[in-house]
Amino acid sequence: MQSEEWKFTAKDIAEKPDLFMSGHRACAGCAPAAVMRLILKATRGPTIVTMATGCMEVVSTIYPYTSWAVPWLHTAFENAAANASGIEAAIKVLRKKGRIKDEHVDVIAIAGDGGTYDIGIQALSGAVERGHDFLFVLYDNEAYMNTGIQRSGGTPLGASTTTSPAGEVIPGKLEPKKPIADIMVAHEIPYVATASPYYWRDLIIKVRKGLEVEGPAFLHVFAPCPRGWRSDPSKSIELSRLAVETCVFPLWECINGEYQLSAPSKVIAMAPQKKKPVKEYLAVQGRFRHLFTPKYEKLIDEIQRITDMRWQKLLKKCGIA
Amino acid sequence: MAEKKAVLTGVHFMSGDIACAEGAIAAGCRFFAGYPITPATEIAEHIAARMPKVGGIYIQMEDEIASIAAVIGASYAGLKAMTATSGPGFSLMQENIGLAVMTEAPCVIVDVMRGGPSTGQPTLPGQQDVMQAKWGSHGDYEIIALSPSSVQEMFDLTVEAFNLAEMYRVPTLLMADEVVAHMWEKVVIPPAEEIKIVNRKKPNAPPGNYAPFMPDDDLVPPMACFGEGYRFHATGLTHDEHGYPRTQDSDVQMRLVKRLCDKIRKNADKIVRVEEVMIDDAEVVVVAYGIVARAALSAVKKAREQGIKAGLVRLITLWPFPEKHVARAAEKTKAIIVPEMNCGQMVREVERAAKTTPAYHLPKLGEEPHTPLEILEAIRRHS
C-alpha cells in the first residue's frame, strides 16, 4: 500500500516544499503545528484542506497572512467532515462533467479534539457512513485549548482543566478518554490509524495511506500542548514519545477491519519489559500535579489499570495476546 | 452548610462573566450545561468551580444543541437551569429554544454577543443577535430578553432573568456583549434575604385533575415537575391543555400559540424595564442598550453641558420591546438617535414605536463600542 513514488526518507521530506509554512502564531512547543507540517509533507498532488474552528485554524490564518499553501476553507466548529463531503462530491461531479481537469484531488478535513470527539462527531459519522473519499485528521491536544483549556471528550481521566478543575471536590476530569479511533473502526471504513509526531515517518506514511485508500480514512494524531498540559515547551515531542512508550497512546492501523500494531508499539508488545509506567508520563505534566498528593494518588493506579486494560484489548484485536 | 456559600454577600471586584455566574447561583440555579465559546467561556469556567461547592451540577456538553436540551431536561426535572454561549452557539440552540417556548420550560440562556455573522470576531463586542433573540427559532412566539450595561447588571439581571423565566414559564435571554462580559467593575452582592427570588407556580389540583397546560388568569399554567406525583405529557407538538398532541386541530393551535404570545404581551407592562434620563424636556433622545448605553449616557450629559436638550432611554428589557416608553419619549422630542453595534436592528422597533418622530441609526461594527464623542456628534447633528 505504501506509495511507490515516495519512500519518505528524511531527504525526500526535506526536499519537498512545505505546504504548511512558518510564520504562524502557535505557542512555543506546540505539537499540533508540527503535526500540520508533517501532514502536508505527505500530499501527492492537488489537495484541498477544510478545517474546523480551533487552535490550528486561528494561529495559521492571522491577517493578512496564511500558513496554507493549499486551497483552505474554514468551516463552523461542528462540520469539517460535512464540509469535506460537499467538496469531495462536487469535485467528483465537476470531473465527470469535464468542467475541471480529470485528475484526482485529495480532500483533507482537519479538526481538534473538540471538533471531532464532541461537536464534530455527528458530521464525521455521517460523512464516513456515506463513504466520501477523504481523510479526516484529528489532532488531539486533549482539551479545548483555543478557548482556554476546557475539558473535551478527548481529555484523559484525572486531567485538570478549567471546566474539570482539580480541587476539594473533584480530582480533575472524572471520565476516561473516549476511544474515538475504535468508534471510527466500528464504522467499517477502509483505513483508521493512530500516529504521534515523535514517530514522524510513521505519521507521514499513515497520512499518505489515508489519502491513497479509496473511501473515508481517519487518522488520530497525538498532539501535546504545553499551555494546556502545563508541560515544558521543550518536551512536547518527548511527551509524544512517552505516551507511546507507556501505552497511553499506542500506535496502530486498522486496514479493512484488520488491526495491526505499528512498529513503535509492536516493540513493546514483543518485549513487555519495555513498557513504561504511566506515572512517568503523568509526572511531567502540571495538569496531573494533584495526582501526586495523598488525596488523589490512588487515581494513578486507576489510570494505569485503564491503560493496561485498553492495551490488552488492543493486543487481542491485533491477534497478539 | 452548602447553601451558606451560595450568595457571596459583599462588595466585589469581578468580571461580567463571573458576576453573571454568581447571579445565577444566587438566584438558585443549580444546573448549568454548557460548551466553551469566547467570550462566554468564563461563565462556564466559574460555574464549573462553584457548582460543586453549592451542591449544584455543571456539565460540559458535546455542543450547544446538547447544552440547551440538557437545560430543558433539568428544568422539567425541577432545577433552575442555565446555559451560556455566544453567537455561533446561540444559532445552534435555536430549535431547542423553540422547544422550551412550546413546552414552557423555565430556563435562562446567556448570549454574550460578539461580532458575526459566522465565526466573525470572537473577541470583539457586537449587538448583532438582538433580532435573532426575538425571531431565531421558527414559528410564532414571544420571549423575554434583557440587556445588561454593567458588571453589576450582569449579576442583577441574571437574577431577574431567572425570576421572569420562573414567573412566565418562558426561556429568558440575557443578551450581554463582549465588553460587559469581560470588563471588571465593582459589584455589590446583597444579603441573600434581600435578593428577590421567584419560583415557578406549583399545581394546586390533585394529580388526577391536573391539566399541565391549563393556564391561570395570568395565562401561565402551574408547573409540576417529574417525580412530584403528577403524570403528564409535554411535547413540542401542538398540544391541548392536557398536553396531548392535537396536530390537526386549528382551534387548539390558535389557542395555544396565541396564549404563548399573550402571556408575554399582556404582561408586558409588568415585565418591561427601562432607565429614562432627562427625557422630559429633551429635544433629542438617544435610545440605547447594553454597553453602548454607557457611552450614550456620557454623551447626553456632555450635550446638556453644551446647552443641547438631550435625553436617554436605556432599554433594560429588549423583548418584549418597551414600546410605550419609546412612544412616550418620541411624542415630546424632535429626533431619536439609536446607536447600535449592528447594521440596524432595534432601530426598526424604535421607528415603529416612535411613529412620526424620525429615528436615526448610528451603526458601529467591528471594533470597540461607540465613543461618547461619536454619539455626541450625532446628537449635535440632529438637535
# chains A, B, ... in the order shown; residues from 1 in each chain; ligands from 1
>>> closest_atom_pairs(of="chain B", to="chain A", cutoff="12 Å", atoms="only C-alpha atoms", output="tab-separated table")
residue	atom	partner	partner_atom	distance
B:Phe32	CA	A:Thr163	CA	11.6
B:Ala33	CA	A:Thr163	CA	11.1
B:Gly34	CA	A:Thr163	CA	10.0
B:Tyr35	CA	A:Gln150	CA	8.8
B:Pro36	CA	A:Thr147	CA	6.6
B:Ile37	CA	A:Thr147	CA	6.4
B:Thr38	CA	A:Thr147	CA	6.2
B:Pro39	CA	A:Thr147	CA	8.6
B:Ala40	CA	A:Thr147	CA	9.6
B:Thr41	CA	A:Thr147	CA	7.1
B:Glu42	CA	A:Thr162	CA	9.0
B:Ile43	CA	A:Thr163	CA	10.2
B:Ala44	CA	A:Thr163	CA	7.0
B:Glu45	CA	A:Thr163	CA	5.2
B:His46	CA	A:Thr163	CA	8.1
B:Ile47	CA	A:Thr163	CA	8.3
B:Ala48	CA	A:Thr163	CA	5.2
B:Ala49	CA	A:Pro165	CA	6.5
B:Arg50	CA	A:Pro165	CA	10.2
B:Met51	CA	A:Val169	CA	10.2
B:Pro52	CA	A:Val169	CA	6.6
B:Lys53	CA	A:Val169	CA	7.6
B:Val54	CA	A:Val169	CA	10.9
B:Gly55	CA	A:Val169	CA	10.4
B:Gly56	CA	A:Val169	CA	11.9
B:Ile57	CA	A:Thr163	CA	11.7
B:Tyr58	CA	A:Thr163	CA	8.4
B:Ile59	CA	A:Thr163	CA	8.7
B:Gln60	CA	A:Thr163	CA	7.4
B:Met61	CA	A:Asp118	CA	7.9
B:Glu62	CA	A:Asp118	CA	4.4
B:Asp63	CA	A:Ile119	CA	4.9
B:Glu64	CA	A:Ile119	CA	8.2
B:Ile65	CA	A:Ile119	CA	9.1
B:Ala66	CA	A:Ile119	CA	9.3
B:Ser67	CA	A:Ile119	CA	11.0
B:Gly87	CA	A:Ala76	CA	11.7
B:Pro88	CA	A:Ala76	CA	8.2
B:Gly89	CA	A:Phe77	CA	9.6
B:Ser91	CA	A:Ala76	CA	11.4
B:Leu92	CA	A:Glu78	CA	9.9
B:Pro117	CA	A:Ala76	CA	11.1
B:Ser118	CA	A:Ala76	CA	7.3
B:Thr119	CA	A:Ala76	CA	7.0
B:Gly120	CA	A:Ala76	CA	10.6
B:Gln121	CA	A:Val58	CA	11.5
B:Pro122	CA	A:Thr147	CA	10.0
B:Thr123	CA	A:Thr147	CA	10.6
>>> residues_around(residues="A:Ile39", least_positions_apart="2", cutoff="8 Å", atoms="only C-alpha atoms", output="JSON, numbers by chain")
{"A": [35, 36, 37, 41, 42, 43, 203, 204, 207]}
>>> write_last_selection(atoms="N, CA and C atoms", output="short mmCIF file (atom, residue, chain, number, x, y, z; two decimals), in the first residue's frame")
data_model
loop_
_atom_site.label_atom_id
_atom_site.label_comp_id
_atom_site.auth_asym_id
_atom_site.auth_seq_id
_atom_site.Cartn_x
_atom_site.Cartn_y
_atom_site.Cartn_z
N VAL A 35 2.58 18.90 13.68
CA VAL A 35 1.75 17.86 13.05
C VAL A 35 1.19 18.36 11.72
N MET A 36 0.74 19.61 11.67
CA MET A 36 0.20 20.17 10.42
C MET A 36 1.26 20.09 9.32
N ARG A 37 2.48 20.47 9.69
CA ARG A 37 3.56 20.50 8.71
C ARG A 37 3.83 19.08 8.18
N LYS A 41 3.38 17.26 4.34
CA LYS A 41 4.53 16.65 3.67
C LYS A 41 4.10 15.38 2.92
N ALA A 42 2.94 14.87 3.24
CA ALA A 42 2.52 13.58 2.68
C ALA A 42 1.61 13.72 1.47
N THR A 43 1.30 14.94 1.06
CA THR A 43 0.36 15.09 -0.05
C THR A 43 0.97 14.56 -1.34
N LEU A 203 4.03 8.76 10.93
CA LEU A 203 2.89 9.69 10.78
C LEU A 203 2.68 10.05 9.30
N ILE A 204 3.77 10.39 8.62
CA ILE A 204 3.64 10.81 7.22
C ILE A 204 3.14 9.66 6.35
N VAL A 207 -0.54 9.26 6.82
CA VAL A 207 -1.31 10.28 6.10
C VAL A 207 -1.44 9.87 4.63
#
>>> residues_around(residues="B:Gln127", least_positions_apart="2", cutoff="8 Å", atoms="only C-alpha atoms", output="list of chain:residue names")
B:Met113, B:Arg114, B:Gly115, B:Pro125, B:Asp129, B:Val130, B:Asp177, B:Glu340, B:Met341, B:Asn342
>>> write_last_selection(atoms="N, CA and C atoms", output="short mmCIF file (atom, residue, chain, number, x, y, z; two decimals), in the first residue's frame")
data_model
loop_
_atom_site.label_atom_id
_atom_site.label_comp_id
_atom_site.auth_asym_id
_atom_site.auth_seq_id
_atom_site.Cartn_x
_atom_site.Cartn_y
_atom_site.Cartn_z
N MET B 113 -22.77 38.51 23.20
CA MET B 113 -22.69 38.78 21.76
C MET B 113 -21.30 39.25 21.34
N ARG B 114 -20.83 38.65 20.24
CA ARG B 114 -19.59 39.05 19.61
C ARG B 114 -19.91 39.41 18.16
N GLY B 115 -18.92 39.83 17.40
CA GLY B 115 -19.19 40.21 16.02
C GLY B 115 -19.47 38.99 15.16
N PRO B 125 -16.90 42.98 20.74
CA PRO B 125 -18.32 43.03 21.09
C PRO B 125 -19.22 43.22 19.87
N ASP B 129 -27.18 40.02 17.56
CA ASP B 129 -28.08 38.87 17.77
C ASP B 129 -29.42 39.29 18.39
N VAL B 130 -29.68 40.60 18.46
CA VAL B 130 -30.86 41.03 19.22
C VAL B 130 -32.17 40.70 18.50
N ASP B 177 -22.87 41.58 26.00
CA ASP B 177 -21.89 41.73 24.91
C ASP B 177 -20.50 41.53 25.48
N GLU B 340 -26.14 51.51 17.73
CA GLU B 340 -26.12 50.06 17.95
C GLU B 340 -24.88 49.48 17.32
N MET B 341 -24.39 48.37 17.89
CA MET B 341 -23.26 47.66 17.28
C MET B 341 -23.79 46.63 16.29
N ASN B 342 -24.52 47.13 15.30
CA ASN B 342 -25.03 46.29 14.21
C ASN B 342 -25.44 47.21 13.07
#
>>> select_by_dssp(residues="stretch 147-193 of chain B", states="strand (DSSP E or B)", output="compact mmCIF listing (two decimals) with N, CA, C and O atoms, in the first residue's frame")
# COMPACT_ATOMS: atom_id res chain seq x y z
N PRO B 171 -38.34 30.61 28.25
CA PRO B 171 -36.89 30.80 28.24
C PRO B 171 -36.59 32.29 28.24
O PRO B 171 -37.17 33.04 27.46
N THR B 172 -35.71 32.71 29.14
CA THR B 172 -35.39 34.14 29.24
C THR B 172 -33.93 34.33 28.85
O THR B 172 -33.06 33.58 29.29
N LEU B 173 -33.71 35.33 28.00
CA LEU B 173 -32.39 35.53 27.43
C LEU B 173 -31.69 36.71 28.08
O LEU B 173 -32.30 37.76 28.28
N LEU B 174 -30.44 36.53 28.41
CA LEU B 174 -29.62 37.64 28.85
C LEU B 174 -28.69 37.96 27.69
O LEU B 174 -27.76 37.23 27.40
N MET B 175 -28.98 39.08 27.00
CA MET B 175 -28.22 39.44 25.80
C MET B 175 -27.11 40.40 26.19
O MET B 175 -27.26 41.62 26.11
N ALA B 176 -25.99 39.83 26.60
CA ALA B 176 -24.84 40.64 27.01
C ALA B 176 -23.93 40.87 25.79
O ALA B 176 -24.24 40.41 24.69
N ASP B 177 -22.87 41.58 26.00
CA ASP B 177 -21.89 41.73 24.91
C ASP B 177 -20.50 41.53 25.48
O ASP B 177 -20.31 41.50 26.70
N TRP B 184 -14.10 44.41 34.13
CA TRP B 184 -14.08 44.22 35.58
C TRP B 184 -14.59 45.50 36.25
O TRP B 184 -14.10 46.60 35.93
N GLU B 185 -15.55 45.36 37.15
CA GLU B 185 -16.10 46.51 37.87
C GLU B 185 -16.49 46.09 39.28
O GLU B 185 -16.52 44.91 39.60
N LYS B 186 -16.87 47.10 40.03
CA LYS B 186 -17.36 46.82 41.38
C LYS B 186 -18.75 46.19 41.30
O LYS B 186 -19.59 46.62 40.51
N VAL B 187 -18.96 45.18 42.10
CA VAL B 187 -20.27 44.55 42.18
C VAL B 187 -20.66 44.43 43.65
O VAL B 187 -19.86 43.98 44.47
N VAL B 188 -21.87 44.85 43.95
CA VAL B 188 -22.38 44.69 45.30
C VAL B 188 -23.38 43.54 45.31
O VAL B 188 -24.40 43.60 44.62
N ILE B 189 -23.06 42.52 46.06
CA ILE B 189 -23.99 41.39 46.19
C ILE B 189 -24.70 41.53 47.54
O ILE B 189 -24.05 41.50 48.59
>>> select_by_dssp(residues="stretch 48-207 of chain A", states="helix (DSSP H, G or I)", output="VMD selection string")
chain A and resid 55 to 59 80 to 96 114 to 118 121 to 130 180 to 185 200 to 207
>>> atom_distance(atom1="atom CA of A:Cys254", atom2="atom CA of A:Tyr191")
5.9 Å
>>> residues_around(residues="A:Leu135", least_positions_apart="6", cutoff="9 Å", atoms="only C-alpha atoms", output="ChimeraX atom specification")
/A:84,106-110,207,210-211,215-219
>>> write_last_selection(atoms="N, CA, C and O atoms", output="CSV table (one decimal), in the first residue's frame")
chain,number,residue,atom,x,y,z
A,84,ALA,N,-16.2,18.7,4.0
A,84,ALA,CA,-15.4,17.8,3.1
A,84,ALA,C,-16.2,17.0,2.2
A,84,ALA,O,-15.9,16.8,1.0
A,106,ASP,N,-7.2,15.3,-3.6
A,106,ASP,CA,-7.3,14.8,-2.3
A,106,ASP,C,-8.0,15.9,-1.4
A,106,ASP,O,-7.7,17.1,-1.5
A,107,VAL,N,-8.9,15.4,-0.5
A,107,VAL,CA,-9.6,16.3,0.4
A,107,VAL,C,-9.2,15.9,1.8
A,107,VAL,O,-9.4,14.7,2.2
A,108,ILE,N,-8.7,16.8,2.6
A,108,ILE,CA,-8.4,16.5,4.0
A,108,ILE,C,-9.2,17.4,4.9
A,108,ILE,O,-9.2,18.7,4.7
A,109,ALA,N,-9.9,16.8,5.8
A,109,ALA,CA,-10.6,17.6,6.8
A,109,ALA,C,-9.8,17.5,8.1
A,109,ALA,O,-9.3,16.4,8.5
A,110,ILE,N,-9.5,18.6,8.8
A,110,ILE,CA,-8.7,18.6,10.0
A,110,ILE,C,-9.5,19.3,11.1
A,110,ILE,O,-10.2,20.3,10.9
A,207,VAL,N,-0.5,9.3,6.8
A,207,VAL,CA,-1.3,10.3,6.1
A,207,VAL,C,-1.4,9.9,4.6
A,207,VAL,O,-2.5,9.9,4.0
A,210,GLY,N,-3.8,7.1,4.1
A,210,GLY,CA,-5.2,7.6,4.3
A,210,GLY,C,-5.6,8.3,3.0
A,210,GLY,O,-6.8,8.2,2.6
A,211,LEU,N,-4.7,9.0,2.3
A,211,LEU,CA,-5.1,9.7,1.1
A,211,LEU,C,-5.2,8.7,0.0
A,211,LEU,O,-6.1,8.8,-0.9
A,215,GLY,N,-12.1,5.8,-0.4
A,215,GLY,CA,-13.1,5.9,0.6
A,215,GLY,C,-12.6,6.6,1.8
A,215,GLY,O,-11.5,7.2,1.8
A,216,PRO,N,-13.4,6.7,2.9
A,216,PRO,CA,-13.0,7.5,4.0
A,216,PRO,C,-11.9,6.9,4.8
A,216,PRO,O,-11.8,5.7,5.0
A,217,ALA,N,-11.0,7.8,5.3
A,217,ALA,CA,-9.9,7.4,6.2
A,217,ALA,C,-9.9,8.3,7.4
A,217,ALA,O,-10.2,9.5,7.3
A,218,PHE,N,-9.4,7.8,8.5
A,218,PHE,CA,-9.4,8.6,9.8
A,218,PHE,C,-8.1,8.4,10.4
A,218,PHE,O,-7.6,7.3,10.6
A,219,LEU,N,-7.4,9.5,10.7
A,219,LEU,CA,-6.1,9.5,11.4
A,219,LEU,C,-6.2,10.2,12.7
A,219,LEU,O,-6.5,11.4,12.7
>>> decode(residues="stretch 301-314 of chain A", atoms="all heavy atoms", output="mmCIF file, in the first residue's frame")
data_model
loop_
_atom_site.group_PDB
_atom_site.id
_atom_site.type_symbol
_atom_site.label_atom_id
_atom_site.label_comp_id
_atom_site.auth_asym_id
_atom_site.auth_seq_id
_atom_site.Cartn_x
_atom_site.Cartn_y
_atom_site.Cartn_z
ATOM 1 N N ASP A 301 -3.183 4.700 40.031
ATOM 2 C CA ASP A 301 -3.390 3.249 39.838
ATOM 3 C C ASP A 301 -4.547 3.000 38.878
ATOM 4 O O ASP A 301 -4.497 2.093 38.049
ATOM 5 C CB ASP A 301 -3.679 2.554 41.176
ATOM 6 C CG ASP A 301 -2.522 2.717 42.146
ATOM 7 O OD1 ASP A 301 -1.386 2.932 41.673
ATOM 8 O OD2 ASP A 301 -2.756 2.654 43.374
ATOM 9 N N GLU A 302 -5.573 3.814 39.033
ATOM 10 C CA GLU A 302 -6.756 3.657 38.175
ATOM 11 C C GLU A 302 -6.394 3.982 36.710
ATOM 12 O O GLU A 302 -6.812 3.279 35.792
ATOM 13 C CB GLU A 302 -7.870 4.582 38.681
ATOM 14 C CG GLU A 302 -9.145 4.597 37.863
ATOM 15 C CD GLU A 302 -9.899 3.270 37.848
ATOM 16 O OE1 GLU A 302 -9.487 2.336 38.559
ATOM 17 O OE2 GLU A 302 -10.883 3.168 37.077
ATOM 18 N N ILE A 303 -5.589 5.020 36.524
ATOM 19 C CA ILE A 303 -5.163 5.376 35.166
ATOM 20 C C ILE A 303 -4.300 4.247 34.591
ATOM 21 O O ILE A 303 -4.448 3.863 33.435
ATOM 22 C CB ILE A 303 -4.398 6.727 35.170
ATOM 23 C CG1 ILE A 303 -5.363 7.857 35.544
ATOM 24 C CG2 ILE A 303 -3.758 7.010 33.812
ATOM 25 C CD1 ILE A 303 -4.698 9.190 35.826
ATOM 26 N N GLN A 304 -3.431 3.673 35.429
ATOM 27 C CA GLN A 304 -2.597 2.547 34.981
ATOM 28 C C GLN A 304 -3.490 1.356 34.601
ATOM 29 O O GLN A 304 -3.283 0.716 33.569
ATOM 30 C CB GLN A 304 -1.616 2.146 36.107
ATOM 31 C CG GLN A 304 -0.634 1.052 35.695
ATOM 32 C CD GLN A 304 0.366 1.539 34.642
ATOM 33 O OE1 GLN A 304 1.117 2.483 34.869
ATOM 34 N NE2 GLN A 304 0.363 0.917 33.468
ATOM 35 N N ARG A 305 -4.516 1.128 35.433
ATOM 36 C CA ARG A 305 -5.408 -0.009 35.179
ATOM 37 C C ARG A 305 -6.140 0.156 33.838
ATOM 38 O O ARG A 305 -6.197 -0.778 33.028
ATOM 39 C CB ARG A 305 -6.443 -0.130 36.312
ATOM 40 C CG ARG A 305 -7.255 -1.418 36.289
ATOM 41 C CD ARG A 305 -8.410 -1.378 37.281
ATOM 42 N NE ARG A 305 -9.421 -0.362 36.958
ATOM 43 C CZ ARG A 305 -10.336 -0.494 36.000
ATOM 44 N NH1 ARG A 305 -10.375 -1.583 35.259
ATOM 45 N NH2 ARG A 305 -11.211 0.480 35.761
ATOM 46 N N ILE A 306 -6.667 1.354 33.602
ATOM 47 C CA ILE A 306 -7.398 1.590 32.350
ATOM 48 C C ILE A 306 -6.453 1.499 31.151
ATOM 49 O O ILE A 306 -6.803 0.919 30.123
ATOM 50 C CB ILE A 306 -8.110 2.963 32.399
ATOM 51 C CG1 ILE A 306 -9.232 2.916 33.444
ATOM 52 C CG2 ILE A 306 -8.672 3.343 31.032
ATOM 53 C CD1 ILE A 306 -9.877 4.249 33.714
ATOM 54 N N THR A 307 -5.247 2.048 31.318
ATOM 55 C CA THR A 307 -4.260 1.989 30.231
ATOM 56 C C THR A 307 -3.941 0.530 29.900
ATOM 57 O O THR A 307 -3.932 0.130 28.734
ATOM 58 C CB THR A 307 -2.970 2.740 30.653
ATOM 59 O OG1 THR A 307 -3.333 4.061 31.029
ATOM 60 C CG2 THR A 307 -1.952 2.783 29.523
ATOM 61 N N ASP A 308 -3.710 -0.278 30.933
ATOM 62 C CA ASP A 308 -3.382 -1.699 30.730
ATOM 63 C C ASP A 308 -4.550 -2.435 30.080
ATOM 64 O O ASP A 308 -4.366 -3.244 29.175
ATOM 65 C CB ASP A 308 -3.036 -2.367 32.067
ATOM 66 C CG ASP A 308 -1.741 -1.817 32.653
ATOM 67 O OD1 ASP A 308 -1.010 -1.132 31.908
ATOM 68 O OD2 ASP A 308 -1.475 -2.062 33.845
ATOM 69 N N MET A 309 -5.737 -2.143 30.570
ATOM 70 C CA MET A 309 -6.936 -2.814 30.047
ATOM 71 C C MET A 309 -7.099 -2.501 28.556
ATOM 72 O O MET A 309 -7.329 -3.393 27.741
ATOM 73 C CB MET A 309 -8.148 -2.352 30.865
ATOM 74 C CG MET A 309 -9.466 -2.975 30.530
ATOM 75 S SD MET A 309 -10.426 -1.939 29.410
ATOM 76 C CE MET A 309 -10.852 -0.553 30.480
ATOM 77 N N ARG A 310 -6.920 -1.231 28.207
ATOM 78 C CA ARG A 310 -7.072 -0.843 26.799
ATOM 79 C C ARG A 310 -5.949 -1.442 25.944
ATOM 80 O O ARG A 310 -6.185 -1.833 24.805
ATOM 81 C CB ARG A 310 -7.115 0.681 26.674
ATOM 82 C CG ARG A 310 -8.423 1.250 27.198
ATOM 83 C CD ARG A 310 -8.534 2.738 26.960
ATOM 84 N NE ARG A 310 -9.904 3.192 27.250
ATOM 85 C CZ ARG A 310 -10.319 4.438 27.081
ATOM 86 N NH1 ARG A 310 -9.509 5.346 26.615
ATOM 87 N NH2 ARG A 310 -11.566 4.757 27.367
ATOM 88 N N TRP A 311 -4.771 -1.513 26.492
ATOM 89 C CA TRP A 311 -3.620 -2.081 25.774
ATOM 90 C C TRP A 311 -3.852 -3.585 25.515
ATOM 91 O O TRP A 311 -3.644 -4.071 24.409
ATOM 92 C CB TRP A 311 -2.358 -1.828 26.597
ATOM 93 C CG TRP A 311 -1.089 -2.498 26.124
ATOM 94 C CD1 TRP A 311 -0.361 -3.418 26.800
ATOM 95 C CD2 TRP A 311 -0.380 -2.276 24.895
ATOM 96 N NE1 TRP A 311 0.745 -3.794 26.086
ATOM 97 C CE2 TRP A 311 0.762 -3.104 24.906
ATOM 98 C CE3 TRP A 311 -0.608 -1.460 23.775
ATOM 99 C CZ2 TRP A 311 1.674 -3.148 23.851
ATOM 100 C CZ3 TRP A 311 0.302 -1.507 22.733
ATOM 101 C CH2 TRP A 311 1.428 -2.346 22.769
ATOM 102 N N GLN A 312 -4.344 -4.287 26.543
ATOM 103 C CA GLN A 312 -4.610 -5.725 26.378
ATOM 104 C C GLN A 312 -5.689 -5.957 25.314
ATOM 105 O O GLN A 312 -5.590 -6.866 24.495
ATOM 106 C CB GLN A 312 -5.046 -6.357 27.714
ATOM 107 C CG GLN A 312 -3.926 -6.495 28.745
ATOM 108 C CD GLN A 312 -2.712 -7.260 28.194
ATOM 109 O OE1 GLN A 312 -2.852 -8.227 27.444
ATOM 110 N NE2 GLN A 312 -1.500 -6.812 28.540
ATOM 111 N N LYS A 313 -6.702 -5.105 25.359
ATOM 112 C CA LYS A 313 -7.775 -5.217 24.358
ATOM 113 C C LYS A 313 -7.218 -5.022 22.947
ATOM 114 O O LYS A 313 -7.577 -5.742 22.015
ATOM 115 C CB LYS A 313 -8.852 -4.144 24.611
ATOM 116 C CG LYS A 313 -10.054 -4.664 25.380
ATOM 117 C CD LYS A 313 -10.869 -3.531 25.921
ATOM 118 C CE LYS A 313 -12.111 -3.174 25.197
ATOM 119 N NZ LYS A 313 -12.863 -2.119 25.909
ATOM 120 N N LEU A 314 -6.315 -4.054 22.833
ATOM 121 C CA LEU A 314 -5.721 -3.767 21.522
ATOM 122 C C LEU A 314 -4.868 -4.949 21.055
ATOM 123 O O LEU A 314 -4.939 -5.358 19.893
ATOM 124 C CB LEU A 314 -4.880 -2.487 21.610
ATOM 125 C CG LEU A 314 -4.123 -2.097 20.332
ATOM 126 C CD1 LEU A 314 -5.090 -1.759 19.197
ATOM 127 C CD2 LEU A 314 -3.203 -0.895 20.594
#
